[in-house]
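Student: Sending over upload-v3.cif (mmCIF, C-alpha atoms).
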```cif
data_final
#
loop_
_atom_site.label_atom_id
_atom_site.label_comp_id
_atom_site.auth_asym_id
_atom_site.auth_seq_id
_atom_site.Cartn_x
_atom_site.Cartn_y
_atom_site.Cartn_z
CA MET A 230 7.13 8.23 1.73
CA ILE A 231 10.33 9.37 3.43
CA GLU A 232 10.04 13.01 2.41
CA GLN A 233 6.81 13.51 4.33
CA THR A 234 8.16 12.84 7.79
CA ARG A 235 5.99 15.47 9.46
CA LEU A 236 2.68 13.65 9.06
CA SER A 237 1.05 12.73 12.32
CA ARG A 238 -0.93 9.54 12.82
CA ARG A 239 -4.11 11.60 12.67
CA ALA A 240 -3.03 13.07 9.34
CA VAL A 241 -2.23 9.66 7.88
CA LEU A 242 -5.61 8.32 8.93
CA GLY A 243 -7.07 11.31 7.12
CA LEU A 244 -5.98 10.05 3.69
CA ALA A 245 -9.58 9.59 2.72
CA PRO A 246 -11.67 9.84 -0.43
CA ALA A 247 -14.04 12.59 -1.42
CA ALA A 248 -14.62 15.28 -4.00
CA LEU A 249 -17.92 17.08 -4.45
CA LEU A 250 -20.06 17.79 -1.44
CA ALA A 251 -23.82 17.57 -1.18
CA VAL A 252 -25.93 18.90 1.69
CA ALA A 253 -27.97 16.22 3.43
CA ALA A 254 -29.67 16.40 6.83
CA GLY A 255 -27.68 19.44 7.84
CA SER A 256 -24.27 18.02 6.98
CA PHE A 257 -22.05 17.61 3.95
CA THR A 258 -21.71 14.14 2.50
CA PRO A 259 -18.52 13.76 0.46
CA VAL A 260 -18.82 11.93 -2.86
CA MET A 261 -16.24 11.01 -5.48
CA PRO A 262 -16.08 12.38 -9.04
CA ALA A 263 -17.55 9.97 -11.56
CA PRO A 264 -15.13 7.73 -13.47
CA THR A 265 -14.38 8.86 -17.01
CA GLY A 266 -14.29 5.49 -18.77
CA ALA A 267 -17.01 3.68 -20.71
CA HIS A 268 -17.53 0.77 -18.32
CA PRO A 269 -19.67 0.57 -15.20
CA ILE A 270 -17.56 -0.81 -12.38
CA GLY A 271 -17.76 -3.43 -9.67
CA ARG A 272 -15.84 -4.12 -6.50
CA VAL A 273 -15.02 -6.93 -4.11
CA MET A 274 -12.81 -7.12 -1.01
CA ILE A 275 -10.76 -10.30 -0.70
CA HIS A 276 -9.03 -11.75 2.34
CA LEU A 277 -5.71 -13.46 1.54
CA VAL A 278 -3.58 -15.67 3.79
CA ASP A 279 0.00 -16.58 2.87
CA ARG A 280 0.41 -19.95 4.56
CA ARG A 281 4.04 -20.19 3.46
CA ARG A 282 5.17 -16.96 5.14
CA ARG A 283 5.23 -15.78 8.72
CA ASP A 284 4.27 -12.18 9.30
CA PRO A 285 7.41 -10.02 9.61
CA TRP A 286 5.73 -7.78 12.19
CA LYS A 287 3.96 -10.59 14.08
CA PRO A 288 6.17 -13.68 13.65
CA GLY A 289 3.74 -15.96 15.45
CA ARG A 290 1.18 -15.59 12.67
CA ASN A 291 0.87 -16.25 8.96
CA ARG A 292 0.90 -13.15 6.78
CA GLU A 293 -2.64 -11.90 6.07
CA LEU A 294 -3.67 -9.20 3.61
CA MET A 295 -6.82 -7.45 2.52
CA VAL A 296 -7.11 -6.35 -1.10
CA THR A 297 -9.83 -4.50 -2.94
CA VAL A 298 -10.42 -5.57 -6.53
CA THR A 299 -12.14 -2.95 -8.70
CA TYR A 300 -13.07 -4.02 -12.22
CA PRO A 301 -15.17 -3.28 -15.30
CA ALA A 302 -18.64 -4.68 -14.76
CA ARG A 303 -21.00 -6.29 -17.24
CA ALA A 304 -24.10 -5.04 -15.45
CA THR A 305 -24.80 -3.44 -12.10
CA GLY A 306 -28.55 -3.85 -11.67
CA GLY A 307 -29.47 -4.99 -8.18
CA CYS A 308 -25.92 -4.52 -6.85
CA PRO A 309 -25.59 -1.79 -4.22
CA ARG A 310 -23.02 0.98 -4.31
CA GLY A 311 -20.43 0.18 -1.70
CA SER A 312 -19.51 2.41 1.17
CA TRP A 313 -16.40 4.22 0.08
CA MET A 314 -14.45 3.20 3.15
CA THR A 315 -14.60 0.42 5.69
CA PRO A 316 -16.34 1.35 8.95
CA THR A 317 -12.93 1.56 10.62
CA GLN A 318 -11.56 4.11 8.16
CA SER A 319 -14.82 6.07 8.12
CA LYS A 320 -14.67 6.39 11.89
CA ALA A 321 -11.04 7.49 11.69
CA LEU A 322 -12.07 10.38 9.47
CA GLU A 323 -13.91 11.94 12.37
CA SER A 324 -10.51 13.01 13.71
CA LEU A 325 -10.46 15.50 10.85
CA ASN A 326 -13.11 17.58 12.64
CA ASP A 327 -10.50 18.84 15.07
CA TYR A 328 -7.88 19.25 12.34
CA LEU A 329 -10.23 21.41 10.27
CA GLY A 330 -11.71 23.17 13.26
CA ILE A 331 -15.30 22.09 12.60
CA ALA A 332 -17.97 20.72 14.92
CA LYS A 333 -18.83 17.04 15.07
CA GLY A 334 -21.58 16.22 12.59
CA THR A 335 -20.69 19.00 10.17
CA VAL A 336 -19.45 16.46 7.62
CA ASN A 337 -21.08 13.07 7.12
CA TRP A 338 -17.86 11.06 6.89
CA ARG A 339 -19.63 7.69 7.14
CA GLY A 340 -22.09 8.43 4.37
CA MET A 341 -19.55 8.43 1.54
CA LEU A 342 -20.25 6.06 -1.33
CA GLY A 343 -18.08 4.91 -4.18
CA HIS A 344 -19.28 4.40 -7.74
CA ALA A 345 -18.41 0.68 -7.80
CA ARG A 346 -21.22 -1.81 -7.30
CA VAL A 347 -20.49 -4.55 -4.79
CA GLY A 348 -20.33 -7.99 -6.38
CA ALA A 349 -21.40 -6.92 -9.87
CA PRO A 350 -20.59 -9.48 -12.62
CA VAL A 351 -17.32 -8.91 -14.42
CA HIS A 352 -17.21 -7.61 -17.98
CA ARG A 353 -15.01 -10.29 -19.52
CA ARG A 354 -13.13 -9.87 -22.76
CA ARG A 355 -11.37 -12.29 -25.05
CA GLY A 356 -7.78 -12.66 -23.94
CA GLY A 357 -8.52 -11.39 -20.45
CA LEU A 358 -8.37 -8.05 -18.67
CA PRO A 359 -5.12 -6.20 -17.90
CA VAL A 360 -4.22 -5.89 -14.23
CA VAL A 361 -2.87 -2.94 -12.22
CA LEU A 362 -1.65 -3.32 -8.63
CA VAL A 363 -1.72 -0.40 -6.15
CA SER A 364 0.47 0.17 -3.08
CA HIS A 365 -0.31 2.86 -0.48
CA GLY A 366 2.01 5.27 1.29
CA VAL A 367 3.71 4.42 4.57
CA TRP A 368 1.16 4.18 7.41
CA GLY A 369 -1.55 4.91 4.86
CA SER A 370 -4.45 2.94 3.47
CA ARG A 371 -5.46 1.24 0.23
CA GLU A 372 -8.67 3.27 0.43
CA ALA A 373 -6.90 6.58 -0.18
CA TYR A 374 -6.70 6.39 -3.99
CA GLY A 375 -10.27 5.74 -5.07
CA ALA A 376 -10.37 8.47 -7.69
CA HIS A 377 -7.62 6.60 -9.55
CA THR A 378 -8.68 3.00 -8.94
CA GLU A 379 -12.28 3.58 -9.99
CA ASP A 380 -11.25 5.50 -13.07
CA LEU A 381 -8.80 2.85 -14.27
CA ALA A 382 -11.42 0.15 -13.78
CA SER A 383 -13.87 2.14 -15.89
CA HIS A 384 -11.28 2.05 -18.68
CA GLY A 385 -11.14 -1.74 -18.64
CA TYR A 386 -8.51 -2.59 -16.01
CA VAL A 387 -8.74 -4.92 -13.03
CA VAL A 388 -7.24 -2.83 -10.23
CA VAL A 389 -5.97 -4.63 -7.13
CA SER A 390 -5.32 -2.33 -4.14
CA ILE A 391 -3.21 -3.83 -1.36
CA ASP A 392 -3.12 -2.99 2.34
CA HIS A 393 0.27 -3.82 3.89
CA THR A 394 -0.93 -5.20 7.23
CA PHE A 395 0.65 -3.98 10.49
CA GLU A 396 2.22 -1.10 8.61
CA ALA A 397 -1.00 0.34 7.19
CA ALA A 398 -2.84 2.66 9.58
CA ALA A 399 -5.68 0.18 10.08
CA VAL A 400 -6.86 -2.88 8.15
CA GLU A 401 -10.35 -4.27 8.65
CA PHE A 402 -10.73 -8.01 8.10
CA PRO A 403 -13.94 -10.06 7.70
CA GLY A 404 -15.98 -10.18 10.88
CA GLY A 405 -14.88 -6.70 11.94
CA ARG A 406 -11.39 -7.61 13.20
CA VAL A 407 -9.09 -4.60 12.90
CA GLU A 408 -5.29 -4.71 12.79
CA VAL A 409 -3.48 -1.42 13.29
CA SER A 410 0.12 -0.43 12.65
CA ALA A 411 2.65 -2.33 14.72
CA GLN A 412 4.81 0.80 14.97
CA ARG A 413 4.08 4.24 16.27
CA PRO A 414 4.58 6.51 13.24
CA SER A 415 7.41 8.96 13.75
CA PRO A 416 9.98 10.89 11.71
CA GLU A 417 12.73 9.14 13.66
CA LEU A 418 11.56 5.71 12.54
CA LEU A 419 11.78 6.77 8.91
CA LYS A 420 15.47 7.52 9.47
CA ASN A 421 16.11 3.97 10.64
CA ILE A 422 17.61 2.00 7.75
CA GLU A 423 16.79 -1.36 9.33
CA PHE A 424 13.13 -0.40 9.64
CA ILE A 425 13.04 0.77 6.02
CA LYS A 426 14.61 -2.49 4.83
CA LYS A 427 12.20 -4.59 6.87
CA MET A 428 9.23 -2.59 5.65
CA MET A 429 10.25 -2.73 1.99
CA ASN A 430 11.05 -6.44 2.14
CA ALA A 431 7.59 -7.05 3.59
CA ARG A 432 5.94 -4.88 0.96
CA VAL A 433 7.74 -6.51 -1.98
CA ALA A 434 6.89 -9.95 -0.61
CA ASP A 435 3.24 -8.85 -0.28
CA VAL A 436 3.15 -7.78 -3.93
CA ARG A 437 4.71 -11.01 -5.14
CA PHE A 438 2.28 -13.08 -3.05
CA VAL A 439 -0.68 -11.15 -4.45
CA LEU A 440 0.59 -11.84 -7.97
CA ASP A 441 0.81 -15.55 -7.13
CA GLU A 442 -2.76 -15.48 -5.82
CA LEU A 443 -3.97 -13.67 -8.92
CA GLU A 444 -2.48 -16.48 -11.01
CA ARG A 445 -4.55 -18.93 -8.98
CA LEU A 446 -7.59 -16.72 -9.48
CA ASP A 447 -7.01 -16.72 -13.21
CA ASP A 448 -6.85 -20.52 -13.09
CA GLY A 449 -10.40 -20.44 -11.75
CA HIS A 450 -9.81 -20.72 -8.00
CA ASN A 451 -11.61 -18.80 -5.28
CA ILE A 452 -8.66 -17.20 -3.51
CA ASP A 453 -10.63 -15.68 -0.61
CA ALA A 454 -9.36 -17.28 2.60
CA SER A 455 -12.92 -17.77 3.86
CA ARG A 456 -14.16 -18.92 0.45
CA ARG A 457 -16.68 -16.12 0.34
CA PRO A 458 -18.34 -15.91 -3.07
CA LEU A 459 -16.50 -13.89 -5.69
CA PRO A 460 -18.24 -11.78 -8.32
CA PRO A 461 -19.53 -13.80 -11.29
CA GLY A 462 -16.90 -13.98 -14.00
CA LEU A 463 -13.94 -12.84 -11.88
CA PRO A 464 -12.09 -16.19 -11.74
CA GLY A 465 -10.45 -16.77 -15.09
CA SER A 466 -10.91 -13.16 -16.28
CA LEU A 467 -7.33 -11.84 -16.03
CA ASP A 468 -4.51 -11.35 -18.49
CA LEU A 469 -1.49 -11.36 -16.20
CA ARG A 470 0.87 -11.02 -19.15
CA ARG A 471 -0.25 -7.39 -19.02
CA THR A 472 0.37 -6.39 -15.42
CA GLY A 473 1.27 -2.90 -14.22
CA MET A 474 1.53 -1.19 -10.86
CA PHE A 475 1.45 2.25 -9.30
CA GLY A 476 2.03 3.54 -5.82
CA HIS A 477 2.11 6.78 -3.91
CA SER A 478 4.96 7.86 -1.63
CA GLY A 479 6.27 4.64 -0.03
CA GLY A 480 4.05 2.83 -2.50
CA GLY A 481 6.01 4.40 -5.35
CA PHE A 482 9.22 3.06 -3.80
CA THR A 483 7.45 -0.31 -3.43
CA THR A 484 6.43 -0.27 -7.09
CA ALA A 485 10.00 0.21 -8.30
CA GLU A 486 11.43 -2.42 -5.94
CA ALA A 487 8.70 -4.95 -6.75
CA MET A 488 9.40 -4.49 -10.46
CA PHE A 489 13.12 -5.00 -9.87
CA HIS A 490 12.49 -8.28 -8.08
CA ASP A 491 9.57 -9.54 -10.17
CA ARG A 492 9.58 -9.15 -13.94
CA ARG A 493 5.91 -10.10 -14.13
CA ILE A 494 5.21 -6.39 -13.56
CA ARG A 495 5.77 -4.76 -16.94
CA SER A 496 5.16 -1.10 -16.17
CA GLY A 497 5.00 1.11 -13.11
CA ILE A 498 4.33 4.61 -11.82
CA ASN A 499 5.88 6.31 -8.80
CA LEU A 500 3.60 9.04 -7.46
CA ASP A 501 5.94 11.37 -5.56
CA GLY A 502 7.88 8.78 -3.59
CA GLN A 503 11.60 8.59 -2.92
CA MET A 504 13.13 5.42 -4.35
CA LYS A 505 15.81 4.75 -1.76
CA PRO A 506 16.62 6.08 1.70
CA PRO A 507 18.68 9.25 1.33
CA PHE A 508 20.80 8.33 4.35
CA ASP A 509 22.03 4.95 3.15
CA GLY A 510 22.91 3.74 -0.34
CA SER A 511 22.68 0.05 0.53
CA TYR A 512 18.99 -0.25 -0.31
CA GLY A 513 16.88 0.77 -3.27
CA GLN A 514 17.96 -1.53 -6.08
CA ALA A 515 15.76 -0.01 -8.77
CA ALA A 516 17.18 3.46 -8.18
CA GLN A 517 20.75 2.22 -8.24
CA ARG A 518 20.55 -0.33 -11.06
CA GLY A 519 17.45 0.59 -13.07
CA LEU A 520 14.82 -1.88 -14.27
CA GLY A 521 14.67 -4.21 -17.24
CA LYS A 522 14.76 -2.73 -20.71
CA ASP A 523 11.27 -4.10 -21.28
CA GLN A 524 9.91 -2.46 -18.09
CA ALA A 525 8.49 1.06 -18.52
CA PHE A 526 8.47 3.51 -15.63
CA LEU A 527 6.87 6.90 -15.02
CA LEU A 528 8.03 9.37 -12.38
CA PHE A 529 5.15 11.68 -11.40
CA GLY A 530 6.17 14.28 -8.84
CA GLY A 531 4.32 16.76 -6.73
CA GLY A 532 5.14 20.41 -7.10
CA ARG A 533 6.69 20.50 -3.66
CA LEU A 534 9.14 18.31 -1.77
CA ILE A 535 10.39 19.07 1.73
CA ASN A 536 14.15 18.57 1.52
CA PRO A 537 16.40 17.92 4.55
CA GLN A 538 16.73 21.66 5.11
CA GLY A 539 12.95 22.06 5.39
CA GLN A 540 12.74 23.86 2.05
CA LEU A 541 9.99 23.29 -0.51
CA VAL A 542 11.40 22.25 -3.89
CA ASN A 543 10.10 20.53 -7.00
CA HIS A 544 10.41 16.75 -7.04
CA ASN A 545 11.94 15.47 -10.28
CA HIS A 546 15.05 13.74 -11.59
CA VAL A 547 16.86 17.04 -12.25
CA ILE A 548 17.00 18.55 -8.77
CA GLY A 549 18.84 15.63 -7.19
CA ALA A 550 21.47 15.67 -9.91
CA ALA A 551 21.89 19.44 -9.62
CA ASN A 552 22.00 19.62 -5.84
CA PRO A 553 22.78 16.20 -4.34
CA THR A 554 23.53 17.69 -0.92
CA ASN A 555 20.08 19.12 -0.31
CA ASP A 556 17.63 17.24 -2.52
CA ASP A 557 16.35 13.72 -3.13
CA THR A 558 18.91 12.02 -5.36
CA SER A 559 17.00 8.77 -5.89
CA TRP A 560 15.09 9.98 -8.95
CA ALA A 561 18.28 11.27 -10.56
CA SER A 562 19.99 7.97 -9.81
CA PHE A 563 17.12 5.99 -11.31
CA TRP A 564 16.98 8.21 -14.37
CA LYS A 565 20.64 7.60 -15.06
CA ALA A 566 20.52 3.85 -14.40
CA HIS A 567 17.28 2.89 -16.14
CA ARG A 568 17.69 2.00 -19.83
CA GLY A 569 14.05 1.26 -20.55
CA TRP A 570 11.17 3.62 -21.40
CA LYS A 571 10.96 6.44 -18.85
CA ARG A 572 9.24 9.78 -18.39
CA ASP A 573 9.14 12.41 -15.66
CA PHE A 574 6.20 14.77 -15.08
CA THR A 575 5.46 17.26 -12.31
CA LEU A 576 2.10 18.39 -10.99
CA ARG A 577 2.58 22.15 -10.88
CA ASP A 578 1.51 23.78 -7.62
CA GLY A 579 0.80 20.36 -6.16
CA ALA A 580 2.20 18.74 -3.04
CA HIS A 581 2.80 15.27 -1.70
CA GLU A 582 -0.81 14.46 -0.87
CA SER A 583 -2.20 15.91 -4.08
CA PHE A 584 -1.98 12.32 -5.36
CA THR A 585 -4.50 11.09 -2.79
CA ASP A 586 -8.23 11.75 -2.55
CA LEU A 587 -7.41 14.02 0.37
CA GLN A 588 -6.92 17.02 -1.94
CA LEU A 589 -10.50 16.73 -3.15
CA LEU A 590 -11.95 16.28 0.31
CA PHE A 591 -10.11 19.14 1.96
CA ARG A 592 -10.64 21.69 -0.80
CA GLN A 593 -14.36 21.01 -1.02
CA VAL A 594 -14.94 21.01 2.74
CA ALA A 595 -12.92 24.19 3.15
CA GLY A 596 -14.71 25.86 0.25
CA HIS A 597 -18.22 24.98 1.34
CA LEU A 598 -17.63 25.90 4.96
CA ASN A 599 -15.54 28.98 4.14
CA LEU A 600 -12.67 27.76 6.28
CA SER A 601 -9.44 29.75 6.45
CA VAL A 602 -7.07 26.79 6.66
CA ALA A 603 -4.62 27.52 3.85
CA ALA A 604 -1.66 27.41 6.23
CA LYS A 605 -2.58 23.84 7.13
CA LEU A 606 -3.66 22.59 3.72
CA ASP A 607 -1.34 24.19 1.16
CA PRO A 608 1.84 22.42 2.34
CA ARG A 609 0.00 19.09 2.23
CA ILE A 610 -2.09 19.31 -0.95
CA GLY A 611 -0.65 22.33 -2.74
CA THR A 612 -2.58 25.14 -4.34
CA VAL A 613 -3.48 23.41 -7.61
CA ASP A 614 -7.21 23.26 -8.39
CA ALA A 615 -8.35 19.89 -7.04
CA GLY A 616 -10.74 19.12 -9.88
CA ARG A 617 -8.18 19.91 -12.56
CA SER A 618 -5.52 18.02 -10.63
CA ILE A 619 -7.44 14.77 -10.50
CA LEU A 620 -8.56 15.12 -14.12
CA ALA A 621 -4.96 15.51 -15.25
CA GLN A 622 -3.65 12.70 -13.07
CA ARG A 623 -6.32 10.34 -14.35
CA ALA A 624 -5.45 11.18 -17.95
CA TYR A 625 -1.72 10.59 -17.54
CA ILE A 626 -2.07 7.40 -15.52
CA ALA A 627 -4.53 5.89 -18.00
CA ALA A 628 -2.41 7.01 -20.96
CA PHE A 629 0.65 5.31 -19.46
CA PHE A 630 -1.02 1.96 -18.88
CA ASP A 631 -2.88 2.13 -22.19
CA LEU A 632 0.45 2.56 -23.96
CA HIS A 633 2.44 -0.07 -22.11
CA LEU A 634 -0.18 -2.72 -21.36
CA LEU A 635 -2.56 -2.33 -24.31
CA GLY A 636 -0.39 -0.76 -27.00
CA ARG A 637 -2.73 2.24 -27.36
CA ASP A 638 -0.94 5.57 -27.72
CA ARG A 639 -2.89 8.61 -26.52
CA HIS A 640 0.03 10.85 -27.62
CA LEU A 641 0.14 12.46 -24.21
CA LEU A 642 3.43 11.26 -22.78
CA ASN A 643 6.08 12.64 -25.12
CA GLY A 644 6.10 16.27 -24.08
CA PRO A 645 4.06 19.16 -22.68
CA SER A 646 0.32 19.21 -23.37
CA HIS A 647 -1.78 22.33 -23.86
CA ARG A 648 -4.75 20.34 -22.54
CA PHE A 649 -3.13 19.98 -19.13
CA PRO A 650 -1.15 23.08 -18.19
CA GLU A 651 -1.13 21.76 -14.62
CA ILE A 652 1.43 19.15 -15.69
CA ALA A 653 5.06 20.00 -16.44
CA PHE A 654 7.15 17.73 -18.66
CA VAL A 655 10.66 17.24 -17.25
CA PRO A 656 13.09 16.35 -20.07
#
```
What would you get if you wrote out this structure as structure tokens?
Tutor:
Amino acid sequence: MIEQTRLSRRAVLGLAPAALLAVAAGSFTPVMPAPTGAHPIGRVMIHLVDRRRRDPWKPGRNRELMVTVTYPARATGGCPRGSWMTPTQSKALESLNDYLGIAKGTVNWRGMLGHARVGAPVHRRRGGLPVVLVSHGVWGSREAYGAHTEDLASHGYVVVSIDHTFEAAAVEFPGGRVEVSAQRPSPELLKNIEFIKKMMNARVADVRFVLDELERLDDGHNIDASRRPLPPGLPGSLDLRRTGMFGHSGGGFTTAEAMFHDRRIRSGINLDGQMKPPFDGSYGQAAQRGLGKDQAFLLFGGGRLINPQGQLVNHNHVIGAANPTNDDTSWASFWKAHRGWKRDFTLRDGAHESFTDLQLLFRQVAGHLNLSVAAKLDPRIGTVDAGRSILAQRAYIAAFFDLHLLGRDRHLLNGPSHRFPEIAFVP
């Protein structure tokens, strides 16, 4: 979140999914890597309205959210594969042509498909399905983490990705209405403590509202504000006693804060996000006080963090403790304060946006078109092999939630693994 203050609006809008590239009609069409779990997957987008809360960014309106629910499906026959992104986000990707220095039409941004089938019936299980919430980075999009959300769903999780309206880059609502960020993204704004507090309060309230709505869904209610049909079997399919959350950048900060304020979330992952503003110690309760002893938390850092001096350093709980003047101290503070289960891993040779689908998209486009754009891409997505990076991330994220929500130990989280040399264990 805060550490990536150099991202432009165009770059944020570019947090888009893709992986392998196929040639079709003279252009590349990005497609995602297949999920690794045993289940086929389904997807539905749900419009939520909080009628008890005014929007913090637009006080004259009730708070509205869009969420994508990705889930294990019972069958997918007759259900179409959904477009990977909404039309609004697909159109935004066209700005990447200039960033990559390629001609319009070279990449078929709008042709991307996910693996989830729209409206497929839910694969129900006795006792219900565990739930994982997802929060995006500041000025980002819920659509930027498809490689993770689809994979978790294929392993039996109901994954609920949240767009934080009027802070997200652009949110498309039913009927084609689009709401963009209420603020012009800038490094200066991310140094404003009052803005950070307002943003985080809104995000935590969003998460808690979504949890309330999921409880209504589990009671059998159609929670879509327009009462659009939900996939067969979705109402009443959840086990909210087993709820986890992960987020990237500002979403990692959101995950920790939401867990501090709402004990319904049992386990969480921070993907390379600072956990309190470095310029003010008055905010960031999880980092200062830790979480509950029964709440597990995983720190998962990129290989590079831009510190206040503009230097690239590893992001983990050790650097802040060793050099509190120059480095992010929030992870070190959390590590010291948290008395529950905790681990810290680093993606070697990664960078901040290695945790988004952007790493897959950029590396494949650059490779297929023989683009010399390392100076642009390496600081953003690192030099780690994109395919190995996503494979390793998927394994560690699934292993964490399997352990803490399902009680299944993959024996991956207690130290280094020879299977994934891309991942460093930080003791």
Student: Using all atoms listed in the file for the distances, tell me which of A:Asn326, A:Ser312, A:Ser559, A:Thr483 is nearest to Arg437 in chain A.
Tutor: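 Smallest separation from Arg437 in chain A among the options: A:Thr483.
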Student: Apply the PyMOL selection byres ((chain A and resi 353-356) around 10) to the structure shown and report the selected residues as a PyMOL selection string.
Tutor: chain A and resi 300-303+350-352+357-359+385+462-463+465-468
Student: Could you check the closest approach to Ser511 in chain A for each of A:Val278, A:Ile422, A:Ala398, A:Val347 and tell me which residue wins, using only C-alpha atoms?
Tutor: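 Looking only at the distances to Ser511 in chain A, the closest residue turns out to be A:Ile422.
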Student: Counting only C-alpha atoms, figure out which residue out of A:Ile391, A:Ala561, A:Ile494, A:Val361 gets nearest to Ala373 in chain A.
Tutor: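 Of A:Ile391, A:Ala561, A:Ile494, A:Val361, the one nearest Ala373 in chain A is A:Ile391, counting only C-alpha atoms.
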Student: Show me, as number ranges by chain, the residues that have an atom within 12 Å of Ala332 in chain A when counting all atoms listed in the file, minus same-chain residues fewer than 6 positions from it.
Tutor: A: 256, 323-326, 598
Student: Take the selection from the previous step and output its residues with C-alpha atoms, as a PDB file, in the coordinates of the input.
Tutor:
```pdb
ATOM      1  CA  SER A 256     -24.270  18.020   6.980  1.00  0.00           C
ATOM      2  CA  GLU A 323     -13.910  11.940  12.370  1.00  0.00           C
ATOM      3  CA  SER A 324     -10.510  13.010  13.710  1.00  0.00           C
ATOM      4  CA  LEU A 325     -10.460  15.500  10.850  1.00  0.00           C
ATOM      5  CA  ASN A 326     -13.110  17.580  12.640  1.00  0.00           C
ATOM      6  CA  LEU A 598     -17.630  25.900   4.960  1.00  0.00           C
TER       7      LEU A 598
END
```
Student: Would you mind listing what lies within 9 Å of Asp578 in chain A as a ChimeraX atom specification, with only C-alpha atoms counted and same-chain residues fewer than 3 positions away left out?
Tutor: /A:531-533,575,610-614,651
Student: Rounded to one decimal in Å, what is the spacing between CA of Lys427 in chain A and CA of Ser390 in chain A?
Tutor: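 Straight-line distance from CA of Lys427 in chain A to CA of Ser390 in chain A works out to 20.8 Å.
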Student: Write out as a PyMOL selection string each polymer residue whose atoms come within 10 Å of His393 in chain A, counting only C-alpha atoms; drop sequence neighbours fewer than 5 positions from it.
Tutor: chain A and resi 292-296+364-371+398-400+410+428+431-433+435-436+480
Student: In Å, how far is it from CA of Pro464 in chain A to CA of Ile452 in chain A?
Tutor: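 So the answer is 9.0 Å.
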Student: Show which residues sit within 10 Å of range 495-497 of chain A, as a ChimeraX atom specification. Count all atoms listed in the file, and ignore same-chain residues fewer than 3 positions away.
Tutor: /A:361-363,469-476,481,484-485,487-488,491-492,500,520-528,570-571,626,629-630,632-634
Student: Using the chain letters and numbers from this file, what does the PyMOL selection byres ((chain A and resi 401) around 9) select? Give the answer as a count of residues only.
Tutor: 15
